[in-house]
$ cat run20.cif   # mmCIF, C-alpha atoms
data_upload
loop_
_atom_site.group_PDB
_atom_site.id
_atom_site.type_symbol
_atom_site.label_atom_id
_atom_site.label_comp_id
_atom_site.auth_asym_id
_atom_site.auth_seq_id
_atom_site.Cartn_x
_atom_site.Cartn_y
_atom_site.Cartn_z
ATOM 1 C CA MET V 8 -26.708 78.001 -122.858
ATOM 2 C CA LYS V 9 -26.981 74.260 -122.555
ATOM 3 C CA GLU V 10 -23.751 72.472 -121.647
ATOM 4 C CA ILE V 11 -22.311 70.074 -124.205
ATOM 5 C CA ASP V 12 -20.301 67.057 -123.030
ATOM 6 C CA PHE V 13 -18.236 64.816 -125.283
ATOM 7 C CA ASP V 14 -15.113 62.647 -125.223
ATOM 8 C CA ILE V 15 -12.158 62.768 -127.600
ATOM 9 C CA THR V 16 -9.364 60.222 -127.924
ATOM 10 C CA LEU V 17 -6.705 61.480 -130.302
ATOM 11 C CA HIS V 18 -5.395 58.997 -132.844
ATOM 12 C CA VAL V 19 -2.283 59.267 -134.995
ATOM 13 C CA ARG V 20 -4.378 60.296 -137.998
ATOM 14 C CA ASP V 21 -6.078 63.148 -136.097
ATOM 15 C CA LEU V 22 -2.785 64.538 -134.837
ATOM 16 C CA PHE V 23 -1.149 64.110 -138.263
ATOM 17 C CA VAL V 24 -3.930 65.957 -140.098
ATOM 18 C CA PHE V 25 -3.699 68.793 -137.566
ATOM 19 C CA THR V 26 0.108 68.910 -137.809
ATOM 20 C CA MET V 27 0.080 68.921 -141.621
ATOM 21 C CA ARG V 28 -2.473 71.713 -141.701
ATOM 22 C CA HIS V 29 -0.551 73.675 -139.095
ATOM 23 C CA THR V 30 2.701 73.185 -141.027
ATOM 24 C CA TYR V 31 1.530 73.888 -144.568
ATOM 25 C CA TYR V 32 -1.157 76.544 -143.995
ATOM 26 C CA SER V 33 1.417 79.191 -143.138
ATOM 27 C CA ILE V 34 3.740 81.445 -145.073
ATOM 28 C CA SER V 35 6.720 79.210 -144.315
ATOM 29 C CA GLY V 36 4.738 76.144 -145.429
ATOM 30 C CA ALA V 37 3.718 77.779 -148.697
ATOM 31 C CA PHE V 38 7.295 78.944 -149.226
ATOM 32 C CA SER V 39 8.656 75.445 -148.628
ATOM 33 C CA LEU V 40 6.235 74.012 -151.192
ATOM 34 C CA LEU V 41 7.248 76.739 -153.631
ATOM 35 C CA ILE V 42 10.901 75.748 -153.173
ATOM 36 C CA SER V 43 10.086 72.064 -153.759
ATOM 37 C CA PHE V 44 8.003 72.653 -156.867
ATOM 38 C CA GLY V 45 10.490 75.220 -158.170
ATOM 39 C CA SER V 46 13.332 72.721 -157.768
ATOM 40 C CA LEU V 47 11.337 70.061 -159.593
ATOM 41 C CA PHE V 48 10.491 72.484 -162.399
ATOM 42 C CA ILE V 49 14.138 73.590 -162.785
ATOM 43 C CA CYS V 50 15.286 69.971 -162.725
ATOM 44 C CA LEU V 51 12.823 68.849 -165.401
ATOM 45 C CA TRP V 52 13.284 71.968 -167.546
ATOM 46 C CA ASN V 53 17.079 71.671 -167.675
ATOM 47 C CA LEU V 54 17.456 67.902 -167.331
ATOM 48 C CA LYS V 55 19.776 67.523 -170.330
ATOM 49 C CA HIS V 56 22.091 70.337 -169.223
ATOM 50 C CA PHE V 57 22.711 69.340 -165.591
ATOM 51 C CA GLU V 58 25.160 66.845 -164.198
ATOM 52 C CA THR V 59 23.886 63.854 -162.244
ATOM 53 C CA THR V 60 24.771 65.378 -158.853
ATOM 54 C CA THR V 61 22.860 68.562 -159.684
ATOM 55 C CA ILE V 62 19.824 66.551 -160.778
ATOM 56 C CA LEU V 63 19.940 64.451 -157.595
ATOM 57 C CA ALA V 64 20.279 67.572 -155.427
ATOM 58 C CA LEU V 65 17.307 69.221 -157.137
ATOM 59 C CA LEU V 66 15.227 66.040 -156.825
ATOM 60 C CA PHE V 67 16.104 65.818 -153.135
ATOM 61 C CA ILE V 68 14.994 69.435 -152.617
ATOM 62 C CA ALA V 69 11.810 68.700 -154.583
ATOM 63 C CA LEU V 70 11.058 65.711 -152.325
ATOM 64 C CA LEU V 71 12.111 67.425 -149.106
ATOM 65 C CA PHE V 72 8.900 69.331 -148.372
ATOM 66 C CA THR V 73 6.463 67.200 -150.376
ATOM 67 C CA VAL V 74 7.442 63.682 -149.268
ATOM 68 C CA ILE V 75 10.223 63.638 -146.675
ATOM 69 C CA GLN V 76 8.812 66.242 -144.270
ATOM 70 C CA PRO V 77 5.285 64.725 -144.221
ATOM 71 C CA LEU V 78 6.799 61.299 -143.509
ATOM 72 C CA MET V 79 8.840 62.790 -140.672
ATOM 73 C CA LEU V 80 5.759 64.562 -139.278
ATOM 74 C CA TYR V 81 3.804 61.306 -139.392
ATOM 75 C CA GLY V 82 6.602 59.552 -137.516
ATOM 76 C CA LYS V 83 6.652 62.280 -134.868
ATOM 77 C CA CYS V 84 2.878 62.010 -134.444
ATOM 78 C CA ARG V 85 3.106 58.219 -134.028
ATOM 79 C CA VAL V 86 5.833 58.565 -131.394
ATOM 80 C CA GLN V 87 3.932 61.335 -129.585
ATOM 81 C CA ILE V 88 0.720 59.296 -129.448
ATOM 82 C CA ARG V 89 2.544 56.140 -128.371
ATOM 83 C CA LYS V 90 4.746 57.703 -125.680
ATOM 84 C CA SER V 91 2.495 60.355 -124.186
ATOM 85 C CA ASP V 92 0.026 59.149 -121.576
ATOM 86 C CA SER V 93 -1.735 62.505 -121.622
ATOM 87 C CA ILE V 94 -2.523 62.174 -125.336
ATOM 88 C CA ASN V 95 -3.354 58.443 -125.190
ATOM 89 C CA GLN V 96 -6.106 58.812 -122.631
ATOM 90 C CA SER V 97 -9.558 60.054 -123.476
ATOM 91 C CA LEU V 98 -10.249 63.748 -122.898
ATOM 92 C CA HIS V 99 -13.686 64.741 -121.598
ATOM 93 C CA TYR V 100 -14.753 68.199 -122.774
ATOM 94 C CA THR V 101 -17.565 70.294 -121.369
ATOM 95 C CA LEU V 102 -18.582 73.425 -123.262
ATOM 96 C CA ALA V 103 -20.389 75.811 -120.942
ATOM 97 C CA GLU V 104 -21.205 79.510 -120.665
ATOM 98 C CA GLU V 105 -18.028 80.143 -118.638
ATOM 99 C CA GLY V 106 -15.659 78.306 -120.955
ATOM 100 C CA ILE V 107 -14.276 74.911 -121.885
ATOM 101 C CA THR V 108 -13.506 72.375 -119.172
ATOM 102 C CA VAL V 109 -11.169 69.519 -120.031
ATOM 103 C CA ARG V 110 -10.930 66.458 -117.784
ATOM 104 C CA GLN V 111 -8.540 63.571 -118.010
ATOM 105 C CA ALA V 112 -8.250 61.015 -115.239
ATOM 106 C CA GLU V 113 -7.671 63.065 -112.056
ATOM 107 C CA GLN V 114 -6.751 66.299 -113.813
ATOM 108 C CA GLU V 115 -9.007 69.154 -114.845
ATOM 109 C CA ALA V 116 -8.348 72.425 -116.648
ATOM 110 C CA GLU V 117 -10.608 75.263 -117.673
ATOM 111 C CA VAL V 118 -10.137 77.618 -120.598
ATOM 112 C CA LYS V 119 -12.189 80.792 -120.761
ATOM 113 C CA TRP V 120 -13.803 81.671 -124.078
ATOM 114 C CA TYR V 121 -11.774 84.871 -124.333
ATOM 115 C CA ASP V 122 -8.591 82.741 -124.301
ATOM 116 C CA VAL V 123 -9.575 81.092 -127.599
ATOM 117 C CA ARG V 124 -7.561 83.056 -130.152
ATOM 118 C CA LYS V 125 -8.668 81.336 -133.346
ATOM 119 C CA VAL V 126 -11.151 78.721 -134.518
ATOM 120 C CA THR V 127 -10.510 76.700 -137.675
ATOM 121 C CA GLN V 128 -13.063 74.371 -139.181
ATOM 122 C CA THR V 129 -11.889 71.708 -141.629
ATOM 123 C CA LYS V 130 -13.611 68.789 -143.287
ATOM 124 C CA SER V 131 -12.173 66.480 -140.616
ATOM 125 C CA GLY V 132 -12.876 68.561 -137.523
ATOM 126 C CA LEU V 133 -12.543 71.713 -135.493
ATOM 127 C CA TYR V 134 -9.395 73.306 -134.045
ATOM 128 C CA LEU V 135 -9.568 75.801 -131.194
ATOM 129 C CA TYR V 136 -6.267 77.663 -130.813
ATOM 130 C CA MET V 137 -5.249 79.098 -127.458
ATOM 131 C CA SER V 138 -1.820 80.063 -128.821
ATOM 132 C CA PRO V 139 -0.136 79.828 -132.208
ATOM 133 C CA VAL V 140 0.974 76.244 -131.441
ATOM 134 C CA ARG V 141 -1.522 74.956 -128.835
ATOM 135 C CA ALA V 142 -5.009 73.879 -129.819
ATOM 136 C CA PHE V 143 -7.888 71.639 -128.880
ATOM 137 C CA ILE V 144 -8.553 69.132 -131.661
ATOM 138 C CA PHE V 145 -12.162 68.030 -132.092
ATOM 139 C CA PRO V 146 -12.289 65.335 -134.823
ATOM 140 C CA LYS V 147 -15.721 65.351 -136.441
ATOM 141 C CA GLU V 148 -16.238 61.583 -136.178
ATOM 142 C CA GLN V 149 -15.591 61.611 -132.416
ATOM 143 C CA CYS V 150 -18.072 64.322 -131.477
ATOM 144 C CA SER V 151 -20.892 61.823 -130.802
ATOM 145 C CA GLY V 152 -23.203 63.319 -133.420
ATOM 146 C CA GLN V 153 -22.990 66.702 -131.701
ATOM 147 C CA TYR V 154 -20.551 68.312 -134.130
ATOM 148 C CA GLU V 155 -22.955 70.968 -135.425
ATOM 149 C CA ALA V 156 -23.999 71.912 -131.875
ATOM 150 C CA ILE V 157 -20.344 72.062 -130.806
ATOM 151 C CA TYR V 158 -19.425 74.214 -133.792
ATOM 152 C CA SER V 159 -22.296 76.653 -133.345
ATOM 153 C CA THR V 160 -21.670 76.940 -129.579
ATOM 154 C CA VAL V 161 -17.963 77.578 -130.092
ATOM 155 C CA MET V 162 -18.571 80.187 -132.783
ATOM 156 C CA GLU V 163 -21.266 81.905 -130.717
ATOM 157 C CA GLN V 164 -19.101 82.088 -127.602
ATOM 158 C CA VAL V 165 -15.922 83.143 -129.423
ATOM 159 C CA GLU V 166 -17.852 85.885 -131.223
ATOM 160 C CA LYS V 167 -19.352 86.988 -127.926
ATOM 161 C CA TYR V 168 -15.895 87.368 -126.330
ATOM 162 C CA LYS V 169 -13.872 88.547 -129.336
ATOM 163 C CA ASP V 170 -13.395 92.097 -127.993
ATOM 164 C CA TYR V 171 -13.372 91.117 -124.329
ATOM 165 C CA THR V 172 -10.360 92.030 -122.211
ATOM 166 C CA PRO V 173 -10.259 90.413 -118.780
ATOM 167 C CA GLU V 174 -9.593 92.667 -115.833
ATOM 168 C CA GLU V 175 -6.283 91.980 -114.135
#

$ encode --input "run20.cif" --output "structure tokens"
Amino acid sequence: MKEIDFDITLHVRDLFVFTMRHTYYSISGAFSLLISFGSLFICLWNLKHFETTTILALLFIALLFTVIQPLMLYGKCRVQIRKSDSINQSLHYTLAEEGITVRQAEQEAEVKWYDVRKVTQTKSGLYLYMSPVRAFIFPKEQCSGQYEAIYSTVMEQVEKYKDYTPEE
């Protein structure tokens, strides 16, 4: 296998898209949207029968998961990008037969292919999950024209190690 090298610098948009997907592509995310849309439906259906406080409460619930939470997530992403030196600096990735090597300034870490638990491809990039909440984010536009090679290498290696159990 030929090694693939590329650099990624996360921007607010990249982290926000990942966070929104992570938040809303789950059972709790779908449930929260159901609550918001249900509240809006109940509010509009019974508008003439409810008092003003009930209408305002239902509208607040309707906006909670569709407007307020995304705005809060965006704010958190902005703060995280601005305040975290480890996210602000460019990450250099090397995909090799042994695994994924990540370098940033003086630090280096290696992740074995069998540690990748899940791979998600979206229209904006590729997410490699090592745990339910920790992932490498590879935005498509930052992959230096190597996105297809990166994707096929990742899928090939993850498939190769899907049933692998490391010896202790």

$ resolve_selection --input "run20.cif" --expression "the PyMOL selection byres ((chain V and resi 162) around 12)" --output "ChimeraX atom specification"
/V:102,120-121,123-128,133-135,155-161,163-169

$ write_last_selection --input "run20.cif" --atoms "C-alpha atoms" --output "compact mmCIF listing (two decimals), in the frame of the given file"
# COMPACT_ATOMS: atom_id res chain seq x y z
CA LEU V 102 -18.58 73.42 -123.26
CA TRP V 120 -13.80 81.67 -124.08
CA TYR V 121 -11.77 84.87 -124.33
CA VAL V 123 -9.57 81.09 -127.60
CA ARG V 124 -7.56 83.06 -130.15
CA LYS V 125 -8.67 81.34 -133.35
CA VAL V 126 -11.15 78.72 -134.52
CA THR V 127 -10.51 76.70 -137.68
CA GLN V 128 -13.06 74.37 -139.18
CA LEU V 133 -12.54 71.71 -135.49
CA TYR V 134 -9.40 73.31 -134.04
CA LEU V 135 -9.57 75.80 -131.19
CA GLU V 155 -22.96 70.97 -135.43
CA ALA V 156 -24.00 71.91 -131.88
CA ILE V 157 -20.34 72.06 -130.81
CA TYR V 158 -19.42 74.21 -133.79
CA SER V 159 -22.30 76.65 -133.34
CA THR V 160 -21.67 76.94 -129.58
CA VAL V 161 -17.96 77.58 -130.09
CA GLU V 163 -21.27 81.90 -130.72
CA GLN V 164 -19.10 82.09 -127.60
CA VAL V 165 -15.92 83.14 -129.42
CA GLU V 166 -17.85 85.88 -131.22
CA LYS V 167 -19.35 86.99 -127.93
CA TYR V 168 -15.90 87.37 -126.33
CA LYS V 169 -13.87 88.55 -129.34

$ resolve_selection --input "run20.cif" --expression "the PyMOL selection byres ((chain V and resi 20) around 12)" --output "ChimeraX atom specification"
/V:16-19,21-27,80-85,87-88,131-132,144,146

$ closest_residue --input "run20.cif" --among "V:Leu47, V:Ala103, V:Leu71, V:Ile62" --to "Glu10 (chain V)" --atoms "only C-alpha atoms"
V:Ala103

$ closest_residue --input "run20.cif" --among "V:Leu51, V:Tyr100, V:Glu58, V:Arg110" --to "Cys150 (chain V)" --atoms "only C-alpha atoms"
V:Tyr100

$ atom_distance --input "run20.cif" --atom1 "CA of Asn95 (chain V)" --atom2 "CA of Asp122 (chain V)"
24.9 Å

$ residues_near_point --input "run20.cif" --point "(6.6, 76.4, -148.1)" --cutoff "12 Å" --atoms "all atoms listed in the file" --output "short mmCIF file (atom, residue, chain, number, x, y, z; two decimals) with C-alpha atoms, in the coordinates of the input"
data_model
loop_
_atom_site.label_atom_id
_atom_site.label_comp_id
_atom_site.auth_asym_id
_atom_site.auth_seq_id
_atom_site.Cartn_x
_atom_site.Cartn_y
_atom_site.Cartn_z
CA MET V 27 0.08 68.92 -141.62
CA HIS V 29 -0.55 73.68 -139.10
CA THR V 30 2.70 73.18 -141.03
CA TYR V 31 1.53 73.89 -144.57
CA TYR V 32 -1.16 76.54 -144.00
CA SER V 33 1.42 79.19 -143.14
CA ILE V 34 3.74 81.44 -145.07
CA SER V 35 6.72 79.21 -144.32
CA GLY V 36 4.74 76.14 -145.43
CA ALA V 37 3.72 77.78 -148.70
CA PHE V 38 7.30 78.94 -149.23
CA SER V 39 8.66 75.44 -148.63
CA LEU V 40 6.24 74.01 -151.19
CA LEU V 41 7.25 76.74 -153.63
CA ILE V 42 10.90 75.75 -153.17
CA SER V 43 10.09 72.06 -153.76
CA PHE V 44 8.00 72.65 -156.87
CA GLY V 45 10.49 75.22 -158.17
CA ILE V 68 14.99 69.44 -152.62
CA ALA V 69 11.81 68.70 -154.58
CA LEU V 71 12.11 67.42 -149.11
CA PHE V 72 8.90 69.33 -148.37
CA THR V 73 6.46 67.20 -150.38
CA GLN V 76 8.81 66.24 -144.27
#

$ atom_distance --input "run20.cif" --atom1 "CA of Ile75 (chain V)" --atom2 "CA of Arg89 (chain V)"
21.2 Å

$ resolve_selection --input "run20.cif" --expression "the PyMOL selection byres ((chain V and resi 50) around 10)" --output "PyMOL selection string"
chain V and resi 44-49+51-57+61-66+69

$ write_last_selection --input "run20.cif" --atoms "C-alpha atoms" --output "compact mmCIF listing (two decimals), in the coordinates of the input"
# COMPACT_ATOMS: atom_id res chain seq x y z
CA PHE V 44 8.00 72.65 -156.87
CA GLY V 45 10.49 75.22 -158.17
CA SER V 46 13.33 72.72 -157.77
CA LEU V 47 11.34 70.06 -159.59
CA PHE V 48 10.49 72.48 -162.40
CA ILE V 49 14.14 73.59 -162.78
CA LEU V 51 12.82 68.85 -165.40
CA TRP V 52 13.28 71.97 -167.55
CA ASN V 53 17.08 71.67 -167.68
CA LEU V 54 17.46 67.90 -167.33
CA LYS V 55 19.78 67.52 -170.33
CA HIS V 56 22.09 70.34 -169.22
CA PHE V 57 22.71 69.34 -165.59
CA THR V 61 22.86 68.56 -159.68
CA ILE V 62 19.82 66.55 -160.78
CA LEU V 63 19.94 64.45 -157.60
CA ALA V 64 20.28 67.57 -155.43
CA LEU V 65 17.31 69.22 -157.14
CA LEU V 66 15.23 66.04 -156.82
CA ALA V 69 11.81 68.70 -154.58

$ atom_distance --input "run20.cif" --atom1 "CA of Lys147 (chain V)" --atom2 "CA of Glu105 (chain V)"
23.3 Å

$ residues_around --input "run20.cif" --residues "region 111-115 of chain V" --least-positions-apart "2" --cutoff "9 Å" --atoms "all atoms listed in the file" --output "PyMOL selection string"
chain V and resi 93+96-99+108-109+117

$ write_last_selection --input "run20.cif" --atoms "C-alpha atoms" --output "tab-separated table (two decimals), in the frame of the given file"
chain	number	residue	atom	x	y	z
V	93	SER	CA	-1.74	62.50	-121.62
V	96	GLN	CA	-6.11	58.81	-122.63
V	97	SER	CA	-9.56	60.05	-123.48
V	98	LEU	CA	-10.25	63.75	-122.90
V	99	HIS	CA	-13.69	64.74	-121.60
V	108	THR	CA	-13.51	72.38	-119.17
V	109	VAL	CA	-11.17	69.52	-120.03
V	117	GLU	CA	-10.61	75.26	-117.67

$ decode --input "run20.cif" --residues "region 101-127 of chain V" --atoms "C-alpha atoms" --output "short mmCIF file (atom, residue, chain, number, x, y, z; two decimals), in the first residue's frame"
data_model
loop_
_atom_site.label_atom_id
_atom_site.label_comp_id
_atom_site.auth_asym_id
_atom_site.auth_seq_id
_atom_site.Cartn_x
_atom_site.Cartn_y
_atom_site.Cartn_z
CA THR V 101 -0.19 9.78 7.05
CA LEU V 102 -2.27 6.76 6.03
CA ALA V 103 -0.08 3.67 5.91
CA GLU V 104 -0.41 -0.11 6.10
CA GLU V 105 0.10 -0.05 9.89
CA GLY V 106 -2.42 2.68 10.62
CA ILE V 107 -2.96 6.43 10.72
CA THR V 108 -0.20 8.70 11.99
CA VAL V 109 -1.16 12.20 13.09
CA ARG V 110 1.50 14.88 13.58
CA GLN V 111 1.10 18.34 14.98
CA ALA V 112 4.09 20.48 15.84
CA GLU V 113 6.26 18.29 18.12
CA GLN V 114 3.57 15.73 18.89
CA GLU V 115 2.80 12.50 17.08
CA ALA V 116 0.16 9.83 17.61
CA GLU V 117 -0.61 6.61 15.80
CA VAL V 118 -3.97 4.90 15.50
CA LYS V 119 -4.11 1.32 14.29
CA TRP V 120 -6.71 0.44 11.67
CA TYR V 121 -8.44 -1.96 14.04
CA ASP V 122 -9.08 0.98 16.41
CA VAL V 123 -11.29 2.69 13.81
CA ARG V 124 -14.80 1.75 14.95
CA LYS V 125 -16.85 3.47 12.27
CA VAL V 126 -16.37 5.38 9.03
CA THR V 127 -18.97 7.89 7.84
#
